[in-house]
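Comments concern the structure below.
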Amino acid sequence: MSLKMHPVIADLILLRKQFIKSRLIFVGGPRMTAILKALGATNSALEKMKTVSNGLRGDPTLPFRKSRNGRFCFDFEQSKVRRLEFQPFVLSVEENFVRHDSGQIRKFEELDEDLQGNSALQALLKFKALMFHGVATKQRPKLNYKTDNFICTLFNLRTVTNKDLLGEPALEGVHSDGVDFTMTTFLGSKNMTDNSAATFVHDIDAPNAVRWDEVDPKHTLGCYQHRHFLDTLLFVDHERKHSLSPVYAADAELPATRDMLIFFTRKPVVEGHVSHPYDSLKPHTIRPMEVSLDGECDAVVDWNQLQGYFGVGPFRKDEVI
């Protein structure tokens, strides 16, 4: 690689600076595609991402949704991302999540190799690591901020609207996700109107559980819409709240679908947190996966050189932003 900075490295540096300043970035699909390719995603893997949601099954509590999830560890101590064993999932009212299933222990179908083994998904994990690691944020109660590692619960979701059901990507209205960093990536849609599934970002004082169209405008900071393949939104979850409009069908006689990846990333919990019994750091023995955050990323971007361009390096334990 020449001494001239690769354009993707320059773009990653710009995005990280924007994220640190604004606490939120929205990266359009074409821009994201170039980044993921530089981080190791192949063209065939990107194509497979467009149909990976076809294998989703029913959801534990929402009739208009199909879902799978999996748990991963951003293990910065060993410079890798690794798959963690299955655990139930819970979000509580105390975490600003107010819905009929708040506090309920939910068991989702697990993500399979078709997603976790996809180099585009692995590149998304690398991208998120580069953006958030070392970024200081408002701390949530009962999380272990003494460790350098993070737990990421990844959801692959399909929201469905048909003659009988209106698909609500956020039935709970205004909420936060109980984590430090939330990232959402669009995989595709069918028969969805242009005004569907808009994400409204609110300040932390916005009341919980208010519908997206009933929020006092003084609490709304912006609106972002995932329309193109790989459109990605990343924000500091404990410093913002958000809500979404429903999925509307362009042709009312046909189903409408919206496919997403949702990356919830937070520090491990400590005793007293609602998720404490379900926060194992043990590896997944049936579906193991490890992605290195060291060495060469691929032939385009050298990972070590990429860290060097970030100054102190995004994986330095003593980095303070």
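Residue names in the structure tokens use chain letters A, B, ... in the order shown, residue numbers from 1 in each chain, and ligand numbers from 1 in the order shown.
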
Mind checking which residues fall within 10 Å of Leu143 (chain A), counting only C-alpha atoms, ignoring those fewer than 3 positions away in the same chain, and posting them as an MDAnalysis selection string? chainID A and resid 139:140 146:147 179:180 266:273 276

Expected file contents, prior selection, all heavy atoms, as a CSV table (one decimal), in the first residue's frame:
```csv
chain,number,residue,atom,x,y,z
A,139,GLN,N,-22.7,7.0,31.1
A,139,GLN,CA,-22.7,5.6,31.5
A,139,GLN,C,-24.1,5.1,32.0
A,139,GLN,O,-24.8,5.9,32.7
A,139,GLN,CB,-21.7,5.3,32.6
A,139,GLN,CG,-20.2,5.5,32.1
A,139,GLN,CD,-19.2,5.1,33.1
A,139,GLN,OE1,-19.5,4.7,34.2
A,139,GLN,NE2,-17.9,5.2,32.7
A,140,ARG,N,-24.5,3.9,31.7
A,140,ARG,CA,-25.7,3.4,32.2
A,140,ARG,C,-25.5,2.7,33.5
A,140,ARG,O,-24.4,2.2,33.8
A,140,ARG,CB,-26.3,2.3,31.2
A,140,ARG,CG,-26.9,2.9,30.0
A,140,ARG,CD,-27.6,1.8,29.2
A,140,ARG,NE,-28.4,2.3,28.1
A,140,ARG,CZ,-29.6,2.8,28.2
A,140,ARG,NH1,-30.2,2.7,29.4
A,140,ARG,NH2,-30.3,3.3,27.1
A,146,LYS,N,-15.5,-1.2,33.8
A,146,LYS,CA,-14.1,-1.5,34.1
A,146,LYS,C,-13.5,-2.4,33.1
A,146,LYS,O,-12.2,-2.4,33.0
A,146,LYS,CB,-14.0,-2.1,35.5
A,146,LYS,CG,-14.4,-1.2,36.7
A,146,LYS,CD,-14.2,-1.9,38.0
A,146,LYS,CE,-14.7,-0.9,39.2
A,146,LYS,NZ,-14.5,-1.6,40.5
A,147,THR,N,-14.3,-3.1,32.4
A,147,THR,CA,-13.7,-4.0,31.3
A,147,THR,C,-13.7,-3.2,30.0
A,147,THR,O,-14.4,-2.3,29.7
A,147,THR,CB,-14.6,-5.2,31.1
A,147,THR,OG1,-14.1,-6.0,30.1
A,147,THR,CG2,-16.1,-4.9,30.8
A,179,VAL,N,-28.7,0.0,25.9
A,179,VAL,CA,-27.3,-0.3,25.6
A,179,VAL,C,-26.5,1.0,25.5
A,179,VAL,O,-27.0,2.1,25.8
A,179,VAL,CB,-27.2,-1.1,24.2
A,179,VAL,CG1,-27.9,-2.4,24.4
A,179,VAL,CG2,-27.8,-0.3,23.1
A,180,ASP,N,-25.2,0.9,25.1
A,180,ASP,CA,-24.4,2.0,24.9
A,180,ASP,C,-24.4,2.6,23.5
A,180,ASP,O,-24.5,3.8,23.3
A,180,ASP,CB,-22.9,1.7,25.3
A,180,ASP,CG,-22.8,1.3,26.8
A,180,ASP,OD1,-23.1,2.2,27.6
A,180,ASP,OD2,-22.3,0.2,27.1
A,266,ARG,N,-23.3,-3.1,24.3
A,266,ARG,CA,-23.2,-2.5,25.7
A,266,ARG,C,-22.1,-3.2,26.4
A,266,ARG,O,-21.6,-4.3,26.1
A,266,ARG,CB,-24.5,-2.6,26.5
A,266,ARG,CG,-25.0,-4.0,26.6
A,266,ARG,CD,-26.0,-4.1,27.7
A,266,ARG,NE,-26.6,-5.4,27.7
A,266,ARG,CZ,-26.1,-6.5,28.1
A,266,ARG,NH1,-24.8,-6.6,28.6
A,266,ARG,NH2,-26.8,-7.7,28.1
A,267,LYS,N,-21.7,-2.6,27.6
A,267,LYS,CA,-20.8,-3.3,28.5
A,267,LYS,C,-21.5,-4.5,29.1
A,267,LYS,O,-22.8,-4.5,29.2
A,267,LYS,CB,-20.3,-2.3,29.6
A,267,LYS,CG,-19.4,-1.2,29.1
A,267,LYS,CD,-18.1,-1.7,28.7
A,267,LYS,CE,-17.1,-0.6,28.4
A,267,LYS,NZ,-15.8,-1.1,28.0
A,268,PRO,N,-20.8,-5.5,29.6
A,268,PRO,CA,-21.5,-6.5,30.4
A,268,PRO,C,-22.1,-6.0,31.6
A,268,PRO,O,-21.7,-4.9,32.2
A,268,PRO,CB,-20.3,-7.5,30.8
A,268,PRO,CG,-19.2,-7.1,29.8
A,268,PRO,CD,-19.4,-5.7,29.5
A,269,VAL,N,-23.2,-6.6,32.1
A,269,VAL,CA,-24.0,-6.2,33.2
A,269,VAL,C,-23.3,-6.7,34.5
A,269,VAL,O,-22.5,-7.6,34.5
A,269,VAL,CB,-25.4,-6.6,33.1
A,269,VAL,CG1,-26.1,-6.1,31.9
A,269,VAL,CG2,-25.6,-8.1,33.3
A,270,VAL,N,-23.7,-6.0,35.6
A,270,VAL,CA,-23.3,-6.5,36.9
A,270,VAL,C,-24.5,-6.9,37.7
A,270,VAL,O,-25.7,-6.8,37.2
A,270,VAL,CB,-22.6,-5.4,37.7
A,270,VAL,CG1,-21.3,-4.9,37.0
A,270,VAL,CG2,-23.5,-4.2,37.9
A,271,GLU,N,-24.3,-7.5,38.9
A,271,GLU,CA,-25.4,-8.1,39.7
A,271,GLU,C,-26.4,-7.0,40.0
A,271,GLU,O,-26.0,-5.8,40.3
A,271,GLU,CB,-24.9,-8.7,41.0
A,271,GLU,CG,-25.9,-9.5,41.7
A,271,GLU,CD,-25.3,-10.2,42.9
A,271,GLU,OE1,-24.0,-10.2,43.0
A,271,GLU,OE2,-26.1,-10.9,43.6
A,272,GLY,N,-27.7,-7.3,39.9
A,272,GLY,CA,-28.7,-6.3,40.1
A,272,GLY,C,-29.4,-5.8,38.8
A,272,GLY,O,-30.5,-5.3,38.8
A,273,HIS,N,-28.7,-6.0,37.7
A,273,HIS,CA,-29.3,-5.7,36.4
A,273,HIS,C,-30.2,-6.8,36.0
A,273,HIS,O,-30.0,-8.0,36.2
A,273,HIS,CB,-28.2,-5.6,35.3
A,273,HIS,CG,-28.6,-4.9,34.0
A,273,HIS,ND1,-29.3,-5.6,33.1
A,273,HIS,CD2,-28.4,-3.7,33.5
A,273,HIS,CE1,-29.5,-4.8,32.1
A,273,HIS,NE2,-29.0,-3.6,32.3
A,276,HIS,N,-28.7,-9.8,34.2
A,276,HIS,CA,-27.6,-10.4,34.8
A,276,HIS,C,-27.6,-11.9,34.7
A,276,HIS,O,-26.5,-12.6,34.4
A,276,HIS,CB,-27.5,-10.0,36.3
A,276,HIS,CG,-26.2,-10.5,37.0
A,276,HIS,ND1,-26.2,-11.6,37.9
A,276,HIS,CD2,-24.9,-10.1,36.8
A,276,HIS,CE1,-25.0,-11.8,38.3
A,276,HIS,NE2,-24.2,-11.0,37.6
```

Kindly assemble as JSON lines a list of the region 259-281 of chain A residues that lie within 12 Å of region 112-128 of chain A, each paired with its nearest atom pair and their distance in Å to one decimal, using only C-alpha atoms, sorted first by chain and then by ascending residue number.
```
{"residue": "A:Leu261", "atom": "CA", "partner": "A:Leu121", "partner_atom": "CA", "distance": 9.3}
{"residue": "A:Ile262", "atom": "CA", "partner": "A:Leu124", "partner_atom": "CA", "distance": 11.0}
{"residue": "A:Phe263", "atom": "CA", "partner": "A:Leu125", "partner_atom": "CA", "distance": 8.8}
{"residue": "A:Phe264", "atom": "CA", "partner": "A:Lys128", "partner_atom": "CA", "distance": 10.8}
{"residue": "A:Thr265", "atom": "CA", "partner": "A:Lys128", "partner_atom": "CA", "distance": 9.5}
```

Any chance you could export the current selection's C-alpha atoms as a compact mmCIF listing (two decimals), in the first residue's frame?
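To be explicit, this is the file written out as again.txt:
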```
# COMPACT_ATOMS: atom_id res chain seq x y z
CA LEU A 261 -29.91 -5.86 11.09
CA ILE A 262 -29.94 -4.30 14.58
CA PHE A 263 -26.71 -4.24 16.59
CA PHE A 264 -27.24 -3.58 20.33
CA THR A 265 -23.84 -3.07 21.98
```

Find the residues around region 78-89 of chain A up to 10 Å (only C-alpha atoms counted), leave out those fewer than 6 positions away in its own chain, and share them as a PyMOL selection string. chain A and resi 69-72+103-111+116+122+125-126+129+149-153+274-275+277-295+315-316

May I have the residues from that selection written out with N, CA and C atoms, as a compact mmCIF listing (two decimals), in the first residue's frame?
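Output saved as again26.txt:
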```txt
# COMPACT_ATOMS: atom_id res chain seq x y z
N ASN A 69 -31.75 -13.93 16.58
CA ASN A 69 -30.70 -13.12 17.18
C ASN A 69 -29.50 -13.99 17.57
N GLY A 70 -28.41 -13.31 17.85
CA GLY A 70 -27.19 -13.97 18.30
C GLY A 70 -26.37 -12.99 19.11
N ARG A 71 -25.53 -13.53 20.00
CA ARG A 71 -24.72 -12.70 20.89
C ARG A 71 -23.25 -12.80 20.52
N PHE A 72 -22.58 -11.66 20.53
CA PHE A 72 -21.17 -11.60 20.18
C PHE A 72 -20.43 -10.76 21.22
N GLY A 103 -39.66 -6.35 30.33
CA GLY A 103 -39.30 -7.22 31.44
C GLY A 103 -39.56 -8.69 31.20
N GLN A 104 -40.17 -9.03 30.09
CA GLN A 104 -40.47 -10.43 29.78
C GLN A 104 -39.22 -11.12 29.23
N ILE A 105 -38.98 -12.33 29.67
CA ILE A 105 -37.85 -13.10 29.18
C ILE A 105 -38.23 -13.70 27.83
N ARG A 106 -37.54 -13.25 26.78
CA ARG A 106 -37.87 -13.69 25.42
C ARG A 106 -36.76 -14.59 24.87
N LYS A 107 -37.18 -15.64 24.19
CA LYS A 107 -36.23 -16.56 23.57
C LYS A 107 -36.42 -16.53 22.06
N PHE A 108 -35.43 -16.03 21.35
CA PHE A 108 -35.47 -15.90 19.91
C PHE A 108 -34.79 -17.10 19.26
N GLU A 109 -35.19 -17.40 18.04
CA GLU A 109 -34.44 -18.36 17.23
C GLU A 109 -33.03 -17.80 17.03
N GLU A 110 -32.04 -18.68 16.93
CA GLU A 110 -30.66 -18.23 16.83
C GLU A 110 -30.23 -17.94 15.39
N LEU A 111 -29.35 -16.94 15.25
CA LEU A 111 -28.71 -16.68 13.97
C LEU A 111 -27.88 -17.90 13.56
N GLN A 116 -23.74 -15.27 10.18
CA GLN A 116 -22.51 -15.00 10.92
C GLN A 116 -21.25 -15.32 10.10
N GLN A 122 -19.38 -9.68 8.90
CA GLN A 122 -18.15 -9.53 9.66
C GLN A 122 -17.52 -8.16 9.43
N LEU A 125 -19.33 -5.67 11.61
CA LEU A 125 -18.83 -5.72 12.98
C LEU A 125 -17.51 -4.95 13.10
N LYS A 126 -16.63 -5.10 12.12
CA LYS A 126 -15.37 -4.36 12.12
C LYS A 126 -15.62 -2.85 12.05
N ALA A 129 -16.82 -1.58 15.34
CA ALA A 129 -15.71 -1.53 16.29
C ALA A 129 -14.87 -0.27 16.08
N ASN A 149 -14.17 -4.77 27.20
CA ASN A 149 -14.96 -5.54 26.25
C ASN A 149 -16.43 -5.13 26.26
N PHE A 150 -17.12 -5.46 25.16
CA PHE A 150 -18.54 -5.15 25.00
C PHE A 150 -19.28 -6.39 24.53
N ILE A 151 -20.56 -6.47 24.88
CA ILE A 151 -21.44 -7.52 24.37
C ILE A 151 -22.35 -6.91 23.32
N CYS A 152 -22.45 -7.58 22.18
CA CYS A 152 -23.33 -7.14 21.09
C CYS A 152 -24.40 -8.19 20.85
N THR A 153 -25.66 -7.82 21.01
CA THR A 153 -26.77 -8.69 20.62
C THR A 153 -27.23 -8.23 19.24
N VAL A 274 -31.33 -6.41 35.27
CA VAL A 274 -32.36 -7.38 34.88
C VAL A 274 -31.78 -8.48 33.99
N SER A 275 -30.72 -8.17 33.23
CA SER A 275 -30.13 -9.15 32.32
C SER A 275 -28.99 -9.96 32.94
N PRO A 277 -28.75 -12.61 34.82
CA PRO A 277 -28.74 -14.07 34.66
C PRO A 277 -28.54 -14.53 33.22
N TYR A 278 -28.60 -13.57 32.27
CA TYR A 278 -28.59 -13.94 30.84
C TYR A 278 -27.48 -13.21 30.10
N ASP A 279 -26.31 -13.09 30.73
CA ASP A 279 -25.24 -12.28 30.14
C ASP A 279 -23.92 -13.04 30.11
N SER A 280 -24.00 -14.31 29.76
CA SER A 280 -22.81 -15.16 29.75
C SER A 280 -21.77 -14.68 28.74
N LEU A 281 -20.51 -14.85 29.09
CA LEU A 281 -19.40 -14.55 28.18
C LEU A 281 -18.76 -15.82 27.65
N LYS A 282 -19.44 -16.97 27.84
CA LYS A 282 -18.91 -18.24 27.34
C LYS A 282 -19.08 -18.32 25.83
N PRO A 283 -18.14 -18.94 25.13
CA PRO A 283 -18.26 -19.06 23.67
C PRO A 283 -19.37 -20.00 23.27
N HIS A 284 -19.87 -19.81 22.07
CA HIS A 284 -20.90 -20.69 21.50
C HIS A 284 -20.21 -21.95 20.99
N THR A 285 -20.59 -23.09 21.52
CA THR A 285 -19.90 -24.33 21.15
C THR A 285 -20.43 -24.95 19.86
N ILE A 286 -21.69 -24.68 19.53
CA ILE A 286 -22.30 -25.26 18.33
C ILE A 286 -22.06 -24.38 17.11
N ARG A 287 -22.11 -23.06 17.30
CA ARG A 287 -21.90 -22.11 16.21
C ARG A 287 -20.74 -21.17 16.54
N PRO A 288 -19.54 -21.68 16.68
CA PRO A 288 -18.41 -20.81 17.02
C PRO A 288 -18.06 -19.87 15.87
N MET A 289 -17.57 -18.69 16.21
CA MET A 289 -17.11 -17.74 15.21
C MET A 289 -16.11 -16.79 15.86
N GLU A 290 -15.03 -16.51 15.19
CA GLU A 290 -14.08 -15.49 15.62
C GLU A 290 -13.65 -14.67 14.42
N VAL A 291 -13.63 -13.36 14.58
CA VAL A 291 -13.16 -12.45 13.55
C VAL A 291 -12.04 -11.63 14.15
N SER A 292 -10.87 -11.66 13.54
CA SER A 292 -9.71 -10.94 14.07
C SER A 292 -9.83 -9.45 13.83
N LEU A 293 -9.41 -8.69 14.83
CA LEU A 293 -9.29 -7.24 14.70
C LEU A 293 -7.83 -6.83 14.69
N ASP A 294 -6.98 -7.77 14.32
CA ASP A 294 -5.54 -7.53 14.21
C ASP A 294 -5.07 -7.95 12.83
N GLY A 295 -3.91 -7.45 12.44
CA GLY A 295 -3.30 -7.88 11.18
C GLY A 295 -4.00 -7.28 9.99
N PHE A 315 -7.98 0.46 19.13
CA PHE A 315 -8.05 -0.67 20.03
C PHE A 315 -7.09 -0.55 21.20
N ARG A 316 -6.62 0.67 21.46
CA ARG A 316 -5.78 0.90 22.63
C ARG A 316 -6.68 0.98 23.88
```

DSSP on the backbone, then: every residue of region 96-304 of chain A marked alpha helix (DSSP H), written as a ChimeraX atom specification. /A:113-116,119-132,303-304

So which residues touch His238 (chain A) within 12 Å, counting only C-alpha atoms, skipping near sequence neighbours fewer than 6 positions away, as a list in words?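 My reading of the contact set: Arg23, Leu24, Glu95, Asn96, Phe97, Ala136, Thr137, Lys138, Gln139, Arg140, Pro141, His175, Ser176, Asp177, Gly178, Val179, Asp180, Phe181, Thr182, His202, Asp203, Ile204, Asp205, Phe264, Thr265 and Arg266 of chain A.
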
What gap, in Å, lies between CA of Pro207 (chain A) and CA of Val98 (chain A)? 10.4 Å

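In this structure, CA of Ala34 (chain A) sits 11.1 Å away from CA of Leu46 (chain A).
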
In Å, with one decimal, what is the gap from CA of His242 (chain A) to CA of Ala10 (chain A)?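 So the two atoms, CA of His242 (chain A) and CA of Ala10 (chain A), lie 29.5 Å apart.
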
Write out as a ChimeraX atom specification which residues come within 10 Å of Thr51 (chain A) when counting only C-alpha atoms, dropping same-chain ones fewer than 3 positions away. /A:46-48,54-55,187-188,259

Using N, CA, C and O atoms, can you write the selected residues to a file as a tab-separated table (two decimals), in the first residue's frame?
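Written output follows (out_27.tsv):
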```tsv
chain	number	residue	atom	x	y	z
A	46	LEU	N	-22.13	-9.79	-0.21
A	46	LEU	CA	-23.06	-8.67	-0.19
A	46	LEU	C	-24.38	-9.05	-0.84
A	46	LEU	O	-25.46	-8.69	-0.34
A	47	GLU	N	-24.34	-9.78	-1.94
A	47	GLU	CA	-25.57	-10.22	-2.60
A	47	GLU	C	-26.37	-11.15	-1.70
A	47	GLU	O	-27.60	-11.07	-1.64
A	48	LYS	N	-25.70	-12.04	-0.99
A	48	LYS	CA	-26.40	-12.98	-0.11
A	48	LYS	C	-27.08	-12.28	1.05
A	48	LYS	O	-28.09	-12.76	1.57
A	54	ASN	N	-34.85	-14.17	4.40
A	54	ASN	CA	-35.88	-15.11	3.97
A	54	ASN	C	-35.97	-16.33	4.88
A	54	ASN	O	-36.99	-17.02	4.90
A	55	GLY	N	-34.92	-16.59	5.65
A	55	GLY	CA	-34.93	-17.74	6.55
A	55	GLY	C	-35.41	-17.43	7.95
A	55	GLY	O	-35.36	-18.29	8.84
A	187	LEU	N	-31.40	-4.05	4.94
A	187	LEU	CA	-31.08	-5.12	3.99
A	187	LEU	C	-32.01	-5.14	2.78
A	187	LEU	O	-31.62	-5.64	1.72
A	188	GLY	N	-33.22	-4.62	2.94
A	188	GLY	CA	-34.13	-4.59	1.79
A	188	GLY	C	-35.57	-4.51	2.20
A	188	GLY	O	-35.92	-4.62	3.38
A	259	ASP	N	-36.54	-5.54	5.95
A	259	ASP	CA	-35.52	-6.39	6.56
A	259	ASP	C	-34.37	-5.55	7.10
A	259	ASP	O	-33.84	-4.68	6.39
```

From the DSSP assignment of the backbone, select every residue of region 42-259 of chain A that is strand (DSSP E or B), and format the answer as a PyMOL selection string. chain A and resi 57-58+65-75+80-84+89+106+110+143+150-161+167+175+181-190+192+198-202+220-225+232-236+241-244+247+249+256-259

Near Leu157 (chain A), counting only C-alpha atoms, which residues have an atom at most 6 Å away, once you skip same-chain residues fewer than 6 positions from it, shown as a list in words?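 Non-adjacent residues within range: Lys66, Ser67, Asp259 and Met260 of chain A.
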
Could the residues in this selection be saved with all heavy atoms as a tab-separated table (two decimals), in the first residue's frame?
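Printed below is result38.tsv as written:
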```
chain	number	residue	atom	x	y	z
A	66	LYS	N	-40.76	-11.27	12.07
A	66	LYS	CA	-39.98	-12.50	12.05
A	66	LYS	C	-38.57	-12.14	12.51
A	66	LYS	O	-38.07	-11.06	12.19
A	66	LYS	CB	-39.97	-13.11	10.66
A	66	LYS	CG	-41.36	-13.54	10.19
A	66	LYS	CD	-41.30	-14.19	8.81
A	66	LYS	CE	-42.69	-14.62	8.36
A	66	LYS	NZ	-42.66	-15.30	7.04
A	67	SER	N	-37.93	-13.06	13.23
A	67	SER	CA	-36.70	-12.65	13.90
A	67	SER	C	-35.76	-13.81	14.18
A	67	SER	O	-36.17	-14.96	14.28
A	67	SER	CB	-37.04	-11.94	15.22
A	67	SER	OG	-37.79	-12.81	16.06
A	259	ASP	N	-36.54	-5.54	5.95
A	259	ASP	CA	-35.52	-6.39	6.56
A	259	ASP	C	-34.37	-5.55	7.10
A	259	ASP	O	-33.84	-4.68	6.39
A	259	ASP	CB	-34.96	-7.38	5.53
A	259	ASP	CG	-36.04	-8.31	4.98
A	259	ASP	OD1	-37.09	-8.47	5.64
A	259	ASP	OD2	-35.82	-8.88	3.90
A	260	MET	N	-33.98	-5.83	8.35
A	260	MET	CA	-32.96	-5.03	9.03
A	260	MET	C	-32.00	-5.91	9.82
A	260	MET	O	-32.34	-7.02	10.23
A	260	MET	CB	-33.62	-4.06	10.01
A	260	MET	CG	-34.55	-3.02	9.40
A	260	MET	SD	-33.68	-1.77	8.42
A	260	MET	CE	-32.68	-0.96	9.68
```
